[in-house]
Amino acid sequence: MFILYIFILLLVMALVSFIAKKKAYAIATVESIIILILTILYAFVRFYGYTGGMVSTFSYPIDTSIGFSFSVGITPISMVLLFLTVAIMSMAIFVSGRESYDRRFYGLMMTTEAGLFGLLISRNFLFFYVFWEAVIIPVFMLIAIFGGEKKESASLKFFVYTQIGSVFLLLSILTLFSFYSNSYHHGFTLNMGKLLSPAFISGYITPGQPFWTDFILFGFFIAFLVKMPSFPLHSWLPDAYTAAPYPVTIVLSGAISLMGGYGFYAVIFPIASLVGSTVAWIIIGLGIISLIYFAMVAMFQENMKKMMAYASAASMGFISISLGVGILSTGYNTYTSISGGIFQILAHGLIMGLVFSSLYIIKLNTGSESNLTVRGLFREMPVVSAFFLGGLMASLGLPGLAGFISEASIVLASYETLGLLIFLVIFGMIITASYHVWAAQKALNGPYNEFLGKVKDGSRGEIAALSLLFILILLLGIYPSLFYHMIFVYIKGGI
């Protein structure tokens, strides 16, 4: 129940951010930190010594004739992603202070956080869809209003792609609802637990109904793959990431992408019995293609922001591989693959938050984000350069950092299923390591570009924020059980 109070407080804070005439930045920063602290305290109290199941369930009936109610429930999956959401949003809002954004910017940012929060705690499909849409609209406006060059076309492309995915999501939800109502003789419900329950799925929706079964899966997959984004539904990514202001890019890479991963593990995995081996192999194939293709495209980018945008998408390819392997595997490999995939969402979000935050400070201080211009930064900006390097090393999967834990879990669990195809995954990881090291060498080491002039390092507040984010990435790399254990317990108990 306490998580519902946090959500209501977040809604109030979003409204306050819109109407605050003065000190909008300070107000939004304090609000986001309050939500972050409350969420961390809640996670510690409710999940310390976690042994399985869903916690903090709450349901308020609205229209019982169609099974419509506001239902709340928290699983380790949603708790981990709630933590990621509030951490990333706090970072995105904090680093925006050096630019003159008005109250609309901070109101839309807090609204985005409220939409993500509501999505992750919802256990009713109607509210799940409402909050899914509630995230799209403020992000679209943030890009369209506050973005840079080509912001109109970039925001429109983002909106069109995500809205098409949303239409398929709604159709899949309604098809599930129709199956349930017909199967249980007008026992209407939109409760996610009931519509995704093994008893209902295995008893009333079978591969013997190929069209509707395939349609349900197709709609869900389209909606979630667009958000990650995955090849070939990624065309909105380079434009949106490049045109969006840096704080919004942090949100896109760390928070918006988690929506697709959450859909994979919270919606599709519970109905994995409907996913045939052919579909599972297609999802694995898309993951491998995304990993290799985005890594190769990133390698040839001259703009570091665009390069890391593609790197972000490449990392999310592991999510598709994780789901496909989890469906095809059995026993320990399934638990490890799915747990690794969920941990990958967390690690990816924190790492991209560190990378884009560091790059944002570099852009503000040097006036450039091009790897043709930014050279030898360690001489003038040693501290921020060190954090940027740390983010790059974490992104390529360096042991001891969070990215290694998730990628290693997925690769180890995938070997038995993929066989020799595992070498394609390793090839993608090698390419990823190559352009990360190349970017670090060009931008941070070597002779300093004197045309940049004398530049300052990050401020104390910026360095403190980057430090906290890096410490968290390091902590999860050294002690992954902080989150990994409860994810593994939940997944194992649910199979």
# chains A, B, ... in the order shown; residues from 1 in each chain; ligands from 1

$ residues_around --residues "A:Glu133" --least-positions-apart "5" --cutoff "10 Å" --atoms "only C-alpha atoms" --output "PDB file with C-alpha atoms, in the first residue's frame"
ATOM      1  CA  GLY A 115       3.871   7.390 -16.097  1.00  0.00           C
ATOM      2  CA  LEU A 116       6.756   4.943 -15.748  1.00  0.00           C
ATOM      3  CA  LEU A 119       3.212   1.339 -15.525  1.00  0.00           C
ATOM      4  CA  PHE A 127      -4.142   1.007 -16.460  1.00  0.00           C
ATOM      5  CA  PHE A 128      -1.021  -0.670 -17.846  1.00  0.00           C
ATOM      6  CA  PRO A 138       5.420  13.952 -22.403  1.00  0.00           C
ATOM      7  CA  THR A 162       5.531   4.240 -30.531  1.00  0.00           C
ATOM      8  CA  GLN A 163       1.861   4.854 -31.307  1.00  0.00           C
ATOM      9  CA  SER A 166       0.652   1.007 -28.732  1.00  0.00           C
TER      10      SER A 166
END

$ residues_around --residues "A:Ser78" --least-positions-apart "4" --cutoff "12 Å" --atoms "only C-alpha atoms" --output "JSON, numbers by chain"
{"A": [3, 39, 43, 47, 54, 55, 56, 72, 73, 74, 82, 83, 84, 85, 116, 117, 118, 119, 120, 121, 122, 123, 258, 259, 261, 262, 263, 265, 266, 267, 342, 343, 345, 346, 483, 486, 487, 490]}

$ write_last_selection --atoms "N, CA and C atoms" --output "compact mmCIF listing (two decimals), in the first residue's frame"
# COMPACT_ATOMS: atom_id res chain seq x y z
N ILE A 3 3.57 1.81 -1.53
CA ILE A 3 4.03 2.15 -2.87
C ILE A 3 2.99 2.99 -3.61
N THR A 39 11.53 5.37 -2.48
CA THR A 39 11.53 4.10 -3.21
C THR A 39 12.60 3.16 -2.68
N ALA A 43 11.93 -0.44 -0.98
CA ALA A 43 12.56 -1.66 -1.50
C ALA A 43 13.28 -2.42 -0.40
N PHE A 47 11.63 -6.00 0.50
CA PHE A 47 12.33 -7.08 -0.20
C PHE A 47 13.57 -7.59 0.53
N MET A 54 4.44 -12.05 -4.88
CA MET A 54 4.20 -10.63 -5.13
C MET A 54 3.89 -9.94 -3.80
N VAL A 55 4.35 -8.71 -3.66
CA VAL A 55 4.13 -7.98 -2.42
C VAL A 55 3.32 -6.72 -2.69
N SER A 56 2.78 -6.16 -1.62
CA SER A 56 2.04 -4.89 -1.67
C SER A 56 0.91 -4.90 -2.68
N VAL A 72 -2.75 -2.82 -7.91
CA VAL A 72 -1.33 -2.54 -7.72
C VAL A 72 -0.66 -3.79 -7.17
N GLY A 73 0.53 -4.07 -7.65
CA GLY A 73 1.31 -5.18 -7.13
C GLY A 73 2.77 -5.02 -7.51
N ILE A 74 3.65 -5.46 -6.64
CA ILE A 74 5.08 -5.30 -6.88
C ILE A 74 5.76 -6.66 -6.87
N LEU A 82 11.66 -0.06 -10.98
CA LEU A 82 11.26 1.15 -10.27
C LEU A 82 12.49 1.89 -9.75
N PHE A 83 13.40 1.12 -9.17
CA PHE A 83 14.64 1.72 -8.67
C PHE A 83 15.40 2.38 -9.82
N LEU A 84 15.51 1.69 -10.95
CA LEU A 84 16.19 2.26 -12.11
C LEU A 84 15.50 3.53 -12.57
N THR A 85 14.19 3.51 -12.62
CA THR A 85 13.43 4.67 -13.08
C THR A 85 13.70 5.90 -12.24
N LEU A 116 5.95 6.15 -15.90
CA LEU A 116 6.76 4.94 -15.75
C LEU A 116 6.46 4.24 -14.43
N PHE A 117 6.31 5.03 -13.39
CA PHE A 117 6.02 4.48 -12.06
C PHE A 117 4.68 3.75 -12.08
N GLY A 118 3.67 4.40 -12.66
CA GLY A 118 2.35 3.78 -12.74
C GLY A 118 2.35 2.52 -13.58
N LEU A 119 3.11 2.52 -14.67
CA LEU A 119 3.21 1.34 -15.52
C LEU A 119 3.77 0.15 -14.76
N LEU A 120 4.79 0.39 -13.95
CA LEU A 120 5.49 -0.70 -13.27
C LEU A 120 4.74 -1.26 -12.07
N ILE A 121 3.81 -0.49 -11.52
CA ILE A 121 3.05 -1.00 -10.37
C ILE A 121 1.67 -1.50 -10.76
N SER A 122 1.24 -1.24 -12.00
CA SER A 122 -0.12 -1.62 -12.42
C SER A 122 -0.25 -3.13 -12.58
N ARG A 123 -1.36 -3.66 -12.11
CA ARG A 123 -1.68 -5.07 -12.30
C ARG A 123 -3.02 -5.22 -13.03
N LEU A 258 13.50 0.55 -20.91
CA LEU A 258 13.11 -0.49 -19.95
C LEU A 258 11.67 -0.93 -20.14
N MET A 259 10.85 -0.09 -20.78
CA MET A 259 9.45 -0.47 -21.00
C MET A 259 9.35 -1.71 -21.87
N GLY A 261 11.74 -4.04 -22.27
CA GLY A 261 12.25 -5.17 -21.50
C GLY A 261 11.27 -5.64 -20.45
N TYR A 262 10.61 -4.70 -19.79
CA TYR A 262 9.61 -5.05 -18.78
C TYR A 262 8.46 -5.81 -19.42
N GLY A 263 8.05 -5.38 -20.61
CA GLY A 263 6.98 -6.09 -21.31
C GLY A 263 7.39 -7.52 -21.65
N TYR A 265 9.44 -9.51 -19.97
CA TYR A 265 9.52 -10.40 -18.81
C TYR A 265 8.25 -10.42 -17.96
N ALA A 266 7.47 -9.34 -17.99
CA ALA A 266 6.26 -9.29 -17.17
C ALA A 266 5.01 -9.72 -17.93
N VAL A 267 5.04 -9.64 -19.27
CA VAL A 267 3.85 -9.96 -20.06
C VAL A 267 4.07 -11.19 -20.94
N ILE A 342 16.95 -9.43 -17.01
CA ILE A 342 16.38 -8.39 -16.15
C ILE A 342 17.50 -7.53 -15.56
N PHE A 343 18.57 -8.20 -15.13
CA PHE A 343 19.72 -7.47 -14.59
C PHE A 343 20.37 -6.61 -15.67
N ILE A 345 18.80 -4.97 -18.02
CA ILE A 345 18.03 -3.72 -18.12
C ILE A 345 18.51 -2.73 -17.07
N LEU A 346 18.68 -3.23 -15.84
CA LEU A 346 19.15 -2.37 -14.75
C LEU A 346 20.55 -1.85 -15.04
N PHE A 483 20.52 -7.23 -6.04
CA PHE A 483 19.29 -7.34 -6.81
C PHE A 483 19.12 -8.71 -7.45
N MET A 486 17.12 -11.76 -5.56
CA MET A 486 15.66 -11.75 -5.48
C MET A 486 15.02 -11.94 -6.85
N ILE A 487 15.69 -11.48 -7.91
CA ILE A 487 15.18 -11.74 -9.26
C ILE A 487 15.20 -13.23 -9.55
N TYR A 490 12.50 -15.12 -7.63
CA TYR A 490 11.17 -14.89 -8.19
C TYR A 490 10.97 -15.68 -9.49

$ residues_around --residues "A:Ala272" --least-positions-apart "3" --cutoff "12 Å" --atoms "only C-alpha atoms" --output "PyMOL selection string"
chain A and resi 196-198+201-202+205-207+213+216-217+264-269+275-277+279-280+323-329+334+494-495

$ atom_distance --atom1 "atom CA of A:Ser90" --atom2 "atom CA of A:Ala464"
13.1 Å

$ atom_distance --atom1 "atom CA of A:Asn365" --atom2 "atom CA of A:Arg103"
24.3 Å

$ decode --residues "stretch 122-151 of chain A" --atoms "N, CA and C atoms" --output "PDB file, in the first residue's frame"
ATOM      1  N   SER A 122       1.236  -1.245 -11.997  1.00  0.00           N
ATOM      2  CA  SER A 122      -0.116  -1.617 -12.422  1.00  0.00           C
ATOM      3  C   SER A 122      -0.250  -3.127 -12.579  1.00  0.00           C
ATOM      4  N   ARG A 123      -1.364  -3.659 -12.106  1.00  0.00           N
ATOM      5  CA  ARG A 123      -1.685  -5.067 -12.303  1.00  0.00           C
ATOM      6  C   ARG A 123      -3.015  -5.219 -13.026  1.00  0.00           C
ATOM      7  N   ASN A 124      -3.491  -4.146 -13.624  1.00  0.00           N
ATOM      8  CA  ASN A 124      -4.684  -4.160 -14.458  1.00  0.00           C
ATOM      9  C   ASN A 124      -4.273  -3.694 -15.844  1.00  0.00           C
ATOM     10  N   PHE A 125      -4.652  -4.478 -16.856  1.00  0.00           N
ATOM     11  CA  PHE A 125      -4.158  -4.188 -18.201  1.00  0.00           C
ATOM     12  C   PHE A 125      -4.622  -2.838 -18.735  1.00  0.00           C
ATOM     13  N   LEU A 126      -5.791  -2.381 -18.324  1.00  0.00           N
ATOM     14  CA  LEU A 126      -6.257  -1.087 -18.817  1.00  0.00           C
ATOM     15  C   LEU A 126      -5.360   0.033 -18.306  1.00  0.00           C
ATOM     16  N   PHE A 127      -5.030  -0.010 -17.013  1.00  0.00           N
ATOM     17  CA  PHE A 127      -4.142   1.007 -16.460  1.00  0.00           C
ATOM     18  C   PHE A 127      -2.718   0.831 -16.984  1.00  0.00           C
ATOM     19  N   PHE A 128      -2.314  -0.417 -17.218  1.00  0.00           N
ATOM     20  CA  PHE A 128      -1.021  -0.670 -17.846  1.00  0.00           C
ATOM     21  C   PHE A 128      -0.940   0.071 -19.179  1.00  0.00           C
ATOM     22  N   TYR A 129      -2.005  -0.006 -19.957  1.00  0.00           N
ATOM     23  CA  TYR A 129      -2.019   0.663 -21.258  1.00  0.00           C
ATOM     24  C   TYR A 129      -2.089   2.190 -21.094  1.00  0.00           C
ATOM     25  N   VAL A 130      -2.881   2.659 -20.143  1.00  0.00           N
ATOM     26  CA  VAL A 130      -3.006   4.101 -19.915  1.00  0.00           C
ATOM     27  C   VAL A 130      -1.647   4.704 -19.565  1.00  0.00           C
ATOM     28  N   PHE A 131      -0.920   4.053 -18.670  1.00  0.00           N
ATOM     29  CA  PHE A 131       0.389   4.582 -18.274  1.00  0.00           C
ATOM     30  C   PHE A 131       1.418   4.404 -19.383  1.00  0.00           C
ATOM     31  N   TRP A 132       1.261   3.353 -20.176  1.00  0.00           N
ATOM     32  CA  TRP A 132       2.123   3.187 -21.353  1.00  0.00           C
ATOM     33  C   TRP A 132       2.001   4.413 -22.257  1.00  0.00           C
ATOM     34  N   GLU A 133       0.785   4.856 -22.488  1.00  0.00           N
ATOM     35  CA  GLU A 133       0.544   6.047 -23.299  1.00  0.00           C
ATOM     36  C   GLU A 133       0.982   7.317 -22.584  1.00  0.00           C
ATOM     37  N   ALA A 134       0.812   7.327 -21.256  1.00  0.00           N
ATOM     38  CA  ALA A 134       1.151   8.517 -20.477  1.00  0.00           C
ATOM     39  C   ALA A 134       2.646   8.810 -20.495  1.00  0.00           C
ATOM     40  N   VAL A 135       3.455   7.850 -20.844  1.00  0.00           N
ATOM     41  CA  VAL A 135       4.896   8.071 -20.977  1.00  0.00           C
ATOM     42  C   VAL A 135       5.229   8.649 -22.350  1.00  0.00           C
ATOM     43  N   ILE A 136       4.543   8.168 -23.364  1.00  0.00           N
ATOM     44  CA  ILE A 136       4.848   8.579 -24.735  1.00  0.00           C
ATOM     45  C   ILE A 136       4.620  10.074 -24.941  1.00  0.00           C
ATOM     46  N   ILE A 137       3.500  10.580 -24.460  1.00  0.00           N
ATOM     47  CA  ILE A 137       3.107  11.969 -24.747  1.00  0.00           C
ATOM     48  C   ILE A 137       4.091  12.990 -24.186  1.00  0.00           C
ATOM     49  N   PRO A 138       4.462  12.943 -22.883  1.00  0.00           N
ATOM     50  CA  PRO A 138       5.420  13.952 -22.403  1.00  0.00           C
ATOM     51  C   PRO A 138       6.800  13.847 -23.052  1.00  0.00           C
ATOM     52  N   VAL A 139       7.246  12.619 -23.375  1.00  0.00           N
ATOM     53  CA  VAL A 139       8.549  12.485 -24.041  1.00  0.00           C
ATOM     54  C   VAL A 139       8.498  13.097 -25.437  1.00  0.00           C
ATOM     55  N   PHE A 140       7.400  12.874 -26.144  1.00  0.00           N
ATOM     56  CA  PHE A 140       7.207  13.493 -27.453  1.00  0.00           C
ATOM     57  C   PHE A 140       7.284  15.019 -27.344  1.00  0.00           C
ATOM     58  N   MET A 141       6.629  15.585 -26.334  1.00  0.00           N
ATOM     59  CA  MET A 141       6.621  17.034 -26.154  1.00  0.00           C
ATOM     60  C   MET A 141       7.990  17.551 -25.732  1.00  0.00           C
ATOM     61  N   LEU A 142       8.700  16.782 -24.927  1.00  0.00           N
ATOM     62  CA  LEU A 142      10.040  17.202 -24.507  1.00  0.00           C
ATOM     63  C   LEU A 142      10.979  17.328 -25.711  1.00  0.00           C
ATOM     64  N   ILE A 143      10.882  16.368 -26.625  1.00  0.00           N
ATOM     65  CA  ILE A 143      11.724  16.427 -27.824  1.00  0.00           C
ATOM     66  C   ILE A 143      11.265  17.549 -28.746  1.00  0.00           C
ATOM     67  N   ALA A 144       9.957  17.656 -28.953  1.00  0.00           N
ATOM     68  CA  ALA A 144       9.406  18.641 -29.896  1.00  0.00           C
ATOM     69  C   ALA A 144       9.631  20.079 -29.444  1.00  0.00           C
ATOM     70  N   ILE A 145       9.568  20.326 -28.129  1.00  0.00           N
ATOM     71  CA  ILE A 145       9.682  21.694 -27.620  1.00  0.00           C
ATOM     72  C   ILE A 145      11.128  22.075 -27.323  1.00  0.00           C
ATOM     73  N   PHE A 146      11.851  21.171 -26.677  1.00  0.00           N
ATOM     74  CA  PHE A 146      13.178  21.522 -26.155  1.00  0.00           C
ATOM     75  C   PHE A 146      14.331  20.875 -26.926  1.00  0.00           C
ATOM     76  N   GLY A 147      14.019  20.148 -27.981  1.00  0.00           N
ATOM     77  CA  GLY A 147      15.063  19.472 -28.743  1.00  0.00           C
ATOM     78  C   GLY A 147      15.891  20.416 -29.589  1.00  0.00           C
ATOM     79  N   GLY A 148      16.870  19.855 -30.248  1.00  0.00           N
ATOM     80  CA  GLY A 148      17.767  20.651 -31.081  1.00  0.00           C
ATOM     81  C   GLY A 148      17.375  20.592 -32.545  1.00  0.00           C
ATOM     82  N   GLU A 149      18.355  20.461 -33.397  1.00  0.00           N
ATOM     83  CA  GLU A 149      18.125  20.453 -34.835  1.00  0.00           C
ATOM     84  C   GLU A 149      17.222  19.282 -35.240  1.00  0.00           C
ATOM     85  N   LYS A 150      16.292  19.549 -36.143  1.00  0.00           N
ATOM     86  CA  LYS A 150      15.341  18.556 -36.661  1.00  0.00           C
ATOM     87  C   LYS A 150      14.466  17.949 -35.557  1.00  0.00           C
ATOM     88  N   LYS A 151      14.162  18.754 -34.537  1.00  0.00           N
ATOM     89  CA  LYS A 151      13.380  18.232 -33.424  1.00  0.00           C
ATOM     90  C   LYS A 151      11.950  17.882 -33.826  1.00  0.00           C
TER      91      LYS A 151
END
